Amino acid sequence: MTDRATIDAEGLNPGDPLPMLEGHVSHGRFERVLRAGHFAVSTEIAPPDSADPEEVLRRASLFDGYVDAINATDGSGANCHMSSLAVCAILTREGYSPVIQVSCRDRNRIAIQGDLLGASALGVCSVLCLSGDDVSVGDHPEAKPVFDFDSVSLLQTVRTLRDESRFLSGRQLDLPPRLFLGASINPFAPPRTARVDQFAKKVSAGAQFVQSQYCFDIDMARDFMARARDLGLTQDCYVLMGVGVLASAKTAKWLKGAIPGVHIPDHVIRRLEQAEKPKAEGRKIAVELMQQLAEIDGISGIHLMAYKQEEWVGEIVTQSGVLQGRKPWAPTRLSHIQPAKA
Amino acid sequence: MYRVRLWSVRRSRQMEWLYNTFNPLVVKLLRGVVKVFGTRLDKPITAVEAAAKGFFFDCKMCGDCALSRTGMSCPMNCPKTIRNGPCGGVRENGMCEVKPEMRCVWVAAWDGASRMQHGDAIKQVNFAVDHRLKGKSSWLKLAREELGDD
């Protein structure tokens, strides 16, 4: 926290919480943007294999002015990296609005509840509840998988902490965590008919926003959203559709084969194969998907996952025009951070 | 057994009928047993339940049976033991992301539920399992709960 004189001179310390608005559950900027009815963009930061906080800020600085929230992944793909909580804490100190991803793979209910309180205490305002990838697909397949919760139980737990101000044990909290509550959806994997019902379960367990797995099939997204609207889910929950940036046809085939649950239609792969500059074509596909998704009724934003292509996030967001000229907040006092080379 | 498990899900409607018919009888019988013998017969009763449900459903004896709410597909066979599935990693052919040779237990569950009279129960949210119950009998739990209500 900053002393009074500095606040008067320079405004609010970026790490300080914003005042909470009427009807909001968090102090966060991400919730504010969505509730204000703006079309939002979130993205993913790859936590470094390093103990260097500057590296986190360098990676985040690529997104300055283009995104409303930054998801900090929690050992994604069951690979070990800097923890989601630490990445978020580094980001909140500069005023960013990170989304802490919490997976059920590595921690039991005692550890998770403690981390959620800690996250809120460190200024994190949004949480994404995930079941998590199995340890067998990651770089430590010999590890013990925990899975004390699944994503839906985790949602219920956050809601209990926040709304009932108590642990699952019943023990009261002095101050509940103020967390905007999110979940993931995958409309593009079997059993497709059940995917909307699964979404509904997450909403009834407390999800206020959802971010989806990569969408490369616009027809499937339209169909899913139509059924979600029929169930009234888009009234209770903001939907951010996932968009990926494919580097080549080879990457697309690898993703499709190696990451279960990723659905990439053949025509997308053909387009990359036939393109003279596949990388640029991959970005073009992302831009087009964002524009098409923004047209679908009930979609409130895009979750742009540009793994290893983070330097292109700004250009893709700008070209898509989905922000309609709005410039998301970005910290201005990062002079000590050398911008990452774009 | 994997094949029998799949067979049970394919016949989820008949299994549901069997469950609805016999479960109250079993629980009623066990109430009597519990009243007379206390906890002395818990071990053999649990062994019978484990054998029967193990044969038909590959039951893992979580002690908090959800079969009637999961299309007769035991969720504890999911490598992530997800109680509100499926996860986002189901393969295009409906197989498990962790065990590609196994049909996703939640693909099976929604399929089984679609044939059941009260299949909509799958839409209810299940909270995480109480790990103290692992290895204990769900039947005895129900019998004792009913006794507690008396």
# chains A, B, ... in the order shown; residues from 1 in each chain; ligands from 1

$ residues_around --residues "Cys78 in chain B" --least-positions-apart "3" --cutoff "9 Å" --atoms "only C-alpha atoms" --output "list in words"
Cys74, Pro75, Thr81, Ile82, Arg83, Gly85, Cys96, Val98, Cys104, Val105 and Trp106 of chain B

$ residues_around --residues "Asp120 in chain B" --least-positions-apart "2" --cutoff "12 Å" --atoms "only C-alpha atoms" --output "list in words"
Ala194, Asp197 and Lys201 of chain A; Ser68, Arg69, Thr70, Gly71, Ala109, Trp110, Asp111, Gly112, Ala113, Ser114, Arg115, Met116, Gln117, His118, Ile122, Lys123, Gln124 and Val125 of chain B

$ write_last_selection --atoms "N, CA and C atoms" --output "PDB file, in the first residue's frame"
ATOM      1  N   ALA A 194     -24.672 -33.653 -24.132  1.00  0.00           N
ATOM      2  CA  ALA A 194     -24.649 -33.425 -22.676  1.00  0.00           C
ATOM      3  C   ALA A 194     -23.872 -32.169 -22.301  1.00  0.00           C
ATOM      4  N   ASP A 197     -25.866 -29.394 -20.740  1.00  0.00           N
ATOM      5  CA  ASP A 197     -26.312 -29.778 -19.392  1.00  0.00           C
ATOM      6  C   ASP A 197     -25.159 -29.670 -18.397  1.00  0.00           C
ATOM      7  N   LYS A 201     -24.883 -27.374 -15.080  1.00  0.00           N
ATOM      8  CA  LYS A 201     -24.474 -27.822 -13.744  1.00  0.00           C
ATOM      9  C   LYS A 201     -23.455 -26.855 -13.146  1.00  0.00           C
TER      10      LYS A 201
ATOM     11  N   SER B  68     -27.320 -44.549  -9.253  1.00  0.00           N
ATOM     12  CA  SER B  68     -28.658 -44.236  -9.763  1.00  0.00           C
ATOM     13  C   SER B  68     -28.711 -42.824 -10.343  1.00  0.00           C
ATOM     14  N   ARG B  69     -27.716 -41.985  -9.996  1.00  0.00           N
ATOM     15  CA  ARG B  69     -27.674 -40.618 -10.518  1.00  0.00           C
ATOM     16  C   ARG B  69     -26.639 -40.455 -11.627  1.00  0.00           C
ATOM     17  N   THR B  70     -25.942 -41.564 -11.961  1.00  0.00           N
ATOM     18  CA  THR B  70     -24.893 -41.443 -12.980  1.00  0.00           C
ATOM     19  C   THR B  70     -25.080 -42.479 -14.088  1.00  0.00           C
ATOM     20  N   GLY B  71     -26.334 -42.686 -14.466  1.00  0.00           N
ATOM     21  CA  GLY B  71     -26.608 -43.575 -15.595  1.00  0.00           C
ATOM     22  C   GLY B  71     -26.093 -44.987 -15.403  1.00  0.00           C
ATOM     23  N   ALA B 109     -22.109 -42.567 -18.764  1.00  0.00           N
ATOM     24  CA  ALA B 109     -23.096 -42.143 -17.770  1.00  0.00           C
ATOM     25  C   ALA B 109     -24.249 -41.359 -18.418  1.00  0.00           C
ATOM     26  N   TRP B 110     -23.926 -40.397 -19.278  1.00  0.00           N
ATOM     27  CA  TRP B 110     -24.987 -39.602 -19.905  1.00  0.00           C
ATOM     28  C   TRP B 110     -25.795 -40.476 -20.848  1.00  0.00           C
ATOM     29  N   ASP B 111     -25.109 -41.440 -21.488  1.00  0.00           N
ATOM     30  CA  ASP B 111     -25.791 -42.375 -22.368  1.00  0.00           C
ATOM     31  C   ASP B 111     -26.748 -43.251 -21.553  1.00  0.00           C
ATOM     32  N   GLY B 112     -26.260 -43.782 -20.441  1.00  0.00           N
ATOM     33  CA  GLY B 112     -27.095 -44.617 -19.582  1.00  0.00           C
ATOM     34  C   GLY B 112     -28.281 -43.831 -19.033  1.00  0.00           C
ATOM     35  N   ALA B 113     -28.013 -42.602 -18.598  1.00  0.00           N
ATOM     36  CA  ALA B 113     -29.068 -41.770 -17.999  1.00  0.00           C
ATOM     37  C   ALA B 113     -30.180 -41.483 -19.012  1.00  0.00           C
ATOM     38  N   SER B 114     -29.798 -41.379 -20.300  1.00  0.00           N
ATOM     39  CA  SER B 114     -30.802 -41.048 -21.321  1.00  0.00           C
ATOM     40  C   SER B 114     -31.834 -42.157 -21.468  1.00  0.00           C
ATOM     41  N   ARG B 115     -31.511 -43.377 -21.005  1.00  0.00           N
ATOM     42  CA  ARG B 115     -32.469 -44.492 -21.106  1.00  0.00           C
ATOM     43  C   ARG B 115     -33.243 -44.701 -19.809  1.00  0.00           C
ATOM     44  N   MET B 116     -32.857 -44.011 -18.760  1.00  0.00           N
ATOM     45  CA  MET B 116     -33.479 -44.288 -17.462  1.00  0.00           C
ATOM     46  C   MET B 116     -34.714 -43.430 -17.217  1.00  0.00           C
ATOM     47  N   GLN B 117     -35.627 -43.986 -16.452  1.00  0.00           N
ATOM     48  CA  GLN B 117     -36.861 -43.267 -16.136  1.00  0.00           C
ATOM     49  C   GLN B 117     -36.564 -41.982 -15.358  1.00  0.00           C
ATOM     50  N   HIS B 118     -35.649 -42.090 -14.401  1.00  0.00           N
ATOM     51  CA  HIS B 118     -35.262 -40.914 -13.615  1.00  0.00           C
ATOM     52  C   HIS B 118     -33.844 -40.469 -13.968  1.00  0.00           C
ATOM     53  N   ILE B 122     -29.016 -37.131 -13.195  1.00  0.00           N
ATOM     54  CA  ILE B 122     -27.610 -36.871 -13.534  1.00  0.00           C
ATOM     55  C   ILE B 122     -27.327 -35.368 -13.583  1.00  0.00           C
ATOM     56  N   LYS B 123     -28.394 -34.571 -13.719  1.00  0.00           N
ATOM     57  CA  LYS B 123     -28.200 -33.122 -13.789  1.00  0.00           C
ATOM     58  C   LYS B 123     -28.018 -32.481 -12.415  1.00  0.00           C
ATOM     59  N   GLN B 124     -28.251 -33.273 -11.368  1.00  0.00           N
ATOM     60  CA  GLN B 124     -28.018 -32.748 -10.014  1.00  0.00           C
ATOM     61  C   GLN B 124     -26.525 -32.603  -9.766  1.00  0.00           C
ATOM     62  N   VAL B 125     -26.170 -31.611  -9.000  1.00  0.00           N
ATOM     63  CA  VAL B 125     -24.770 -31.397  -8.642  1.00  0.00           C
ATOM     64  C   VAL B 125     -24.400 -32.313  -7.474  1.00  0.00           C
TER      65      VAL B 125
END

$ closest_residue --among "B:Lys134, B:Arg31, B:Arg11, B:Arg144" --to "Ser73 in chain B" --atoms "only C-alpha atoms"
B:Arg11

$ interface_residues --of "chain A" --to "chain B" --cutoff "9 Å" --atoms "only C-alpha atoms" --output "VMD selection string"
chain A and resid 105 130 to 134 136 to 137 145 to 154 156 184 to 191 193 to 195 197 to 198 200 to 202 204 to 205 213 259 to 263

$ closest_residue --among "B:Val27, B:Ala121, B:Leu147, B:Leu142" --to "Met72 in chain B" --atoms "only C-alpha atoms"
B:Ala121

$ select_by_dssp --residues "range 107-257 of chain A" --states "strand (DSSP E)" --output "MDAnalysis selection string"
chainID A and resid 126:130 180:185 209:214 238:244

$ closest_residue --among "A:Tyr214, A:Phe209, A:Tyr66, A:Tyr307" --to "Val41 in chain A" --atoms "only C-alpha atoms"
A:Tyr66

$ residues_around --residues "Lys308 in chain A" --least-positions-apart "3" --cutoff "10 Å" --atoms "only C-alpha atoms" --output "list of chain:residue names"
A:Ile45, A:Ala46, A:Val245, A:Ala247, A:Met305, A:Glu311, A:Trp312

$ closest_residue --among "A:Leu122, A:Ala78, A:Ile70, A:Cys129" --to "Gln101 in chain A" --atoms "only C-alpha atoms"
A:Cys129

$ decode --residues "range 234-273 of chain A" --atoms "N, CA and C atoms" --output "PDB file, in the first residue's frame"
ATOM      1  N   THR A 234     -27.180 -17.983 -20.477  1.00  0.00           N
ATOM      2  CA  THR A 234     -26.405 -16.785 -20.785  1.00  0.00           C
ATOM      3  C   THR A 234     -26.900 -15.579 -19.988  1.00  0.00           C
ATOM      4  N   GLN A 235     -28.049 -15.724 -19.336  1.00  0.00           N
ATOM      5  CA  GLN A 235     -28.514 -14.634 -18.472  1.00  0.00           C
ATOM      6  C   GLN A 235     -27.782 -14.629 -17.138  1.00  0.00           C
ATOM      7  N   ASP A 236     -27.372 -15.841 -16.725  1.00  0.00           N
ATOM      8  CA  ASP A 236     -26.732 -15.957 -15.411  1.00  0.00           C
ATOM      9  C   ASP A 236     -25.214 -16.024 -15.493  1.00  0.00           C
ATOM     10  N   CYS A 237     -24.689 -16.162 -16.698  1.00  0.00           N
ATOM     11  CA  CYS A 237     -23.269 -16.475 -16.816  1.00  0.00           C
ATOM     12  C   CYS A 237     -22.691 -15.867 -18.096  1.00  0.00           C
ATOM     13  N   TYR A 238     -21.529 -15.236 -17.962  1.00  0.00           N
ATOM     14  CA  TYR A 238     -20.860 -14.664 -19.129  1.00  0.00           C
ATOM     15  C   TYR A 238     -20.038 -15.747 -19.833  1.00  0.00           C
ATOM     16  N   VAL A 239     -20.186 -15.823 -21.147  1.00  0.00           N
ATOM     17  CA  VAL A 239     -19.468 -16.848 -21.910  1.00  0.00           C
ATOM     18  C   VAL A 239     -18.326 -16.204 -22.686  1.00  0.00           C
ATOM     19  N   LEU A 240     -17.112 -16.644 -22.416  1.00  0.00           N
ATOM     20  CA  LEU A 240     -15.958 -16.214 -23.210  1.00  0.00           C
ATOM     21  C   LEU A 240     -15.486 -17.420 -24.013  1.00  0.00           C
ATOM     22  N   MET A 241     -15.605 -17.331 -25.324  1.00  0.00           N
ATOM     23  CA  MET A 241     -15.233 -18.476 -26.163  1.00  0.00           C
ATOM     24  C   MET A 241     -13.721 -18.488 -26.382  1.00  0.00           C
ATOM     25  N   GLY A 242     -13.165 -19.679 -26.356  1.00  0.00           N
ATOM     26  CA  GLY A 242     -11.723 -19.834 -26.525  1.00  0.00           C
ATOM     27  C   GLY A 242     -11.321 -19.786 -27.984  1.00  0.00           C
ATOM     28  N   VAL A 243     -10.297 -18.991 -28.264  1.00  0.00           N
ATOM     29  CA  VAL A 243      -9.762 -18.939 -29.628  1.00  0.00           C
ATOM     30  C   VAL A 243      -8.267 -19.234 -29.543  1.00  0.00           C
ATOM     31  N   GLY A 244      -7.809 -20.098 -30.441  1.00  0.00           N
ATOM     32  CA  GLY A 244      -6.396 -20.472 -30.456  1.00  0.00           C
ATOM     33  C   GLY A 244      -5.702 -19.919 -31.685  1.00  0.00           C
ATOM     34  N   VAL A 245      -4.390 -19.821 -31.606  1.00  0.00           N
ATOM     35  CA  VAL A 245      -3.609 -19.344 -32.745  1.00  0.00           C
ATOM     36  C   VAL A 245      -2.733 -20.512 -33.212  1.00  0.00           C
ATOM     37  N   LEU A 246      -3.037 -21.024 -34.395  1.00  0.00           N
ATOM     38  CA  LEU A 246      -2.305 -22.181 -34.912  1.00  0.00           C
ATOM     39  C   LEU A 246      -1.098 -21.699 -35.716  1.00  0.00           C
ATOM     40  N   ALA A 247       0.073 -22.305 -35.456  1.00  0.00           N
ATOM     41  CA  ALA A 247       1.290 -21.856 -36.143  1.00  0.00           C
ATOM     42  C   ALA A 247       1.456 -22.526 -37.505  1.00  0.00           C
ATOM     43  N   SER A 248       0.918 -23.724 -37.653  1.00  0.00           N
ATOM     44  CA  SER A 248       1.062 -24.465 -38.916  1.00  0.00           C
ATOM     45  C   SER A 248       0.078 -25.630 -38.928  1.00  0.00           C
ATOM     46  N   ALA A 249      -0.013 -26.264 -40.100  1.00  0.00           N
ATOM     47  CA  ALA A 249      -0.873 -27.447 -40.196  1.00  0.00           C
ATOM     48  C   ALA A 249      -0.340 -28.546 -39.286  1.00  0.00           C
ATOM     49  N   LYS A 250       0.990 -28.596 -39.173  1.00  0.00           N
ATOM     50  CA  LYS A 250       1.614 -29.617 -38.326  1.00  0.00           C
ATOM     51  C   LYS A 250       1.196 -29.425 -36.858  1.00  0.00           C
ATOM     52  N   THR A 251       1.241 -28.163 -36.396  1.00  0.00           N
ATOM     53  CA  THR A 251       0.806 -27.871 -35.022  1.00  0.00           C
ATOM     54  C   THR A 251      -0.648 -28.268 -34.841  1.00  0.00           C
ATOM     55  N   ALA A 252      -1.472 -27.927 -35.834  1.00  0.00           N
ATOM     56  CA  ALA A 252      -2.902 -28.226 -35.747  1.00  0.00           C
ATOM     57  C   ALA A 252      -3.132 -29.728 -35.625  1.00  0.00           C
ATOM     58  N   LYS A 253      -2.400 -30.499 -36.448  1.00  0.00           N
ATOM     59  CA  LYS A 253      -2.563 -31.963 -36.401  1.00  0.00           C
ATOM     60  C   LYS A 253      -2.067 -32.509 -35.067  1.00  0.00           C
ATOM     61  N   TRP A 254      -0.977 -31.909 -34.583  1.00  0.00           N
ATOM     62  CA  TRP A 254      -0.440 -32.369 -33.303  1.00  0.00           C
ATOM     63  C   TRP A 254      -1.443 -32.098 -32.183  1.00  0.00           C
ATOM     64  N   LEU A 255      -1.976 -30.856 -32.176  1.00  0.00           N
ATOM     65  CA  LEU A 255      -2.959 -30.483 -31.157  1.00  0.00           C
ATOM     66  C   LEU A 255      -4.141 -31.435 -31.176  1.00  0.00           C
ATOM     67  N   LYS A 256      -4.621 -31.685 -32.384  1.00  0.00           N
ATOM     68  CA  LYS A 256      -5.802 -32.524 -32.555  1.00  0.00           C
ATOM     69  C   LYS A 256      -5.528 -33.945 -32.076  1.00  0.00           C
ATOM     70  N   GLY A 257      -4.312 -34.434 -32.362  1.00  0.00           N
ATOM     71  CA  GLY A 257      -3.983 -35.807 -31.994  1.00  0.00           C
ATOM     72  C   GLY A 257      -3.559 -35.956 -30.544  1.00  0.00           C
ATOM     73  N   ALA A 258      -2.770 -34.995 -30.060  1.00  0.00           N
ATOM     74  CA  ALA A 258      -2.130 -35.191 -28.757  1.00  0.00           C
ATOM     75  C   ALA A 258      -2.923 -34.609 -27.598  1.00  0.00           C
ATOM     76  N   ILE A 259      -3.752 -33.594 -27.845  1.00  0.00           N
ATOM     77  CA  ILE A 259      -4.508 -32.998 -26.742  1.00  0.00           C
ATOM     78  C   ILE A 259      -5.968 -33.421 -26.867  1.00  0.00           C
ATOM     79  N   PRO A 260      -6.369 -34.410 -26.083  1.00  0.00           N
ATOM     80  CA  PRO A 260      -7.763 -34.852 -26.176  1.00  0.00           C
ATOM     81  C   PRO A 260      -8.722 -33.705 -25.846  1.00  0.00           C
ATOM     82  N   GLY A 261      -9.816 -33.658 -26.590  1.00  0.00           N
ATOM     83  CA  GLY A 261     -10.799 -32.608 -26.340  1.00  0.00           C
ATOM     84  C   GLY A 261     -10.641 -31.415 -27.266  1.00  0.00           C
ATOM     85  N   VAL A 262      -9.556 -31.385 -28.057  1.00  0.00           N
ATOM     86  CA  VAL A 262      -9.394 -30.296 -29.022  1.00  0.00           C
ATOM     87  C   VAL A 262      -9.937 -30.768 -30.370  1.00  0.00           C
ATOM     88  N   HIS A 263     -10.898 -30.006 -30.869  1.00  0.00           N
ATOM     89  CA  HIS A 263     -11.560 -30.395 -32.117  1.00  0.00           C
ATOM     90  C   HIS A 263     -11.194 -29.374 -33.191  1.00  0.00           C
ATOM     91  N   ILE A 264     -10.503 -29.812 -34.228  1.00  0.00           N
ATOM     92  CA  ILE A 264     -10.134 -28.919 -35.330  1.00  0.00           C
ATOM     93  C   ILE A 264     -10.659 -29.532 -36.635  1.00  0.00           C
ATOM     94  N   PRO A 265     -11.614 -28.870 -37.289  1.00  0.00           N
ATOM     95  CA  PRO A 265     -12.174 -29.446 -38.521  1.00  0.00           C
ATOM     96  C   PRO A 265     -11.113 -29.528 -39.617  1.00  0.00           C
ATOM     97  N   ASP A 266     -11.285 -30.484 -40.532  1.00  0.00           N
ATOM     98  CA  ASP A 266     -10.302 -30.703 -41.601  1.00  0.00           C
ATOM     99  C   ASP A 266     -10.107 -29.469 -42.477  1.00  0.00           C
ATOM    100  N   HIS A 267     -11.190 -28.685 -42.679  1.00  0.00           N
ATOM    101  CA  HIS A 267     -11.048 -27.548 -43.584  1.00  0.00           C
ATOM    102  C   HIS A 267     -10.080 -26.501 -43.022  1.00  0.00           C
ATOM    103  N   VAL A 268      -9.993 -26.421 -41.696  1.00  0.00           N
ATOM    104  CA  VAL A 268      -9.045 -25.491 -41.078  1.00  0.00           C
ATOM    105  C   VAL A 268      -7.616 -25.968 -41.338  1.00  0.00           C
ATOM    106  N   ILE A 269      -7.409 -27.263 -41.186  1.00  0.00           N
ATOM    107  CA  ILE A 269      -6.068 -27.831 -41.412  1.00  0.00           C
ATOM    108  C   ILE A 269      -5.679 -27.674 -42.883  1.00  0.00           C
ATOM    109  N   ARG A 270      -6.624 -27.917 -43.800  1.00  0.00           N
ATOM    110  CA  ARG A 270      -6.343 -27.757 -45.249  1.00  0.00           C
ATOM    111  C   ARG A 270      -5.936 -26.322 -45.555  1.00  0.00           C
ATOM    112  N   ARG A 271      -6.658 -25.388 -44.936  1.00  0.00           N
ATOM    113  CA  ARG A 271      -6.363 -23.977 -45.174  1.00  0.00           C
ATOM    114  C   ARG A 271      -4.924 -23.650 -44.765  1.00  0.00           C
ATOM    115  N   LEU A 272      -4.482 -24.205 -43.661  1.00  0.00           N
ATOM    116  CA  LEU A 272      -3.109 -23.969 -43.208  1.00  0.00           C
ATOM    117  C   LEU A 272      -2.099 -24.649 -44.133  1.00  0.00           C
ATOM    118  N   GLU A 273      -2.470 -25.833 -44.615  1.00  0.00           N
ATOM    119  CA  GLU A 273      -1.571 -26.561 -45.519  1.00  0.00           C
ATOM    120  C   GLU A 273      -1.365 -25.808 -46.823  1.00  0.00           C
TER     121      GLU A 273
END
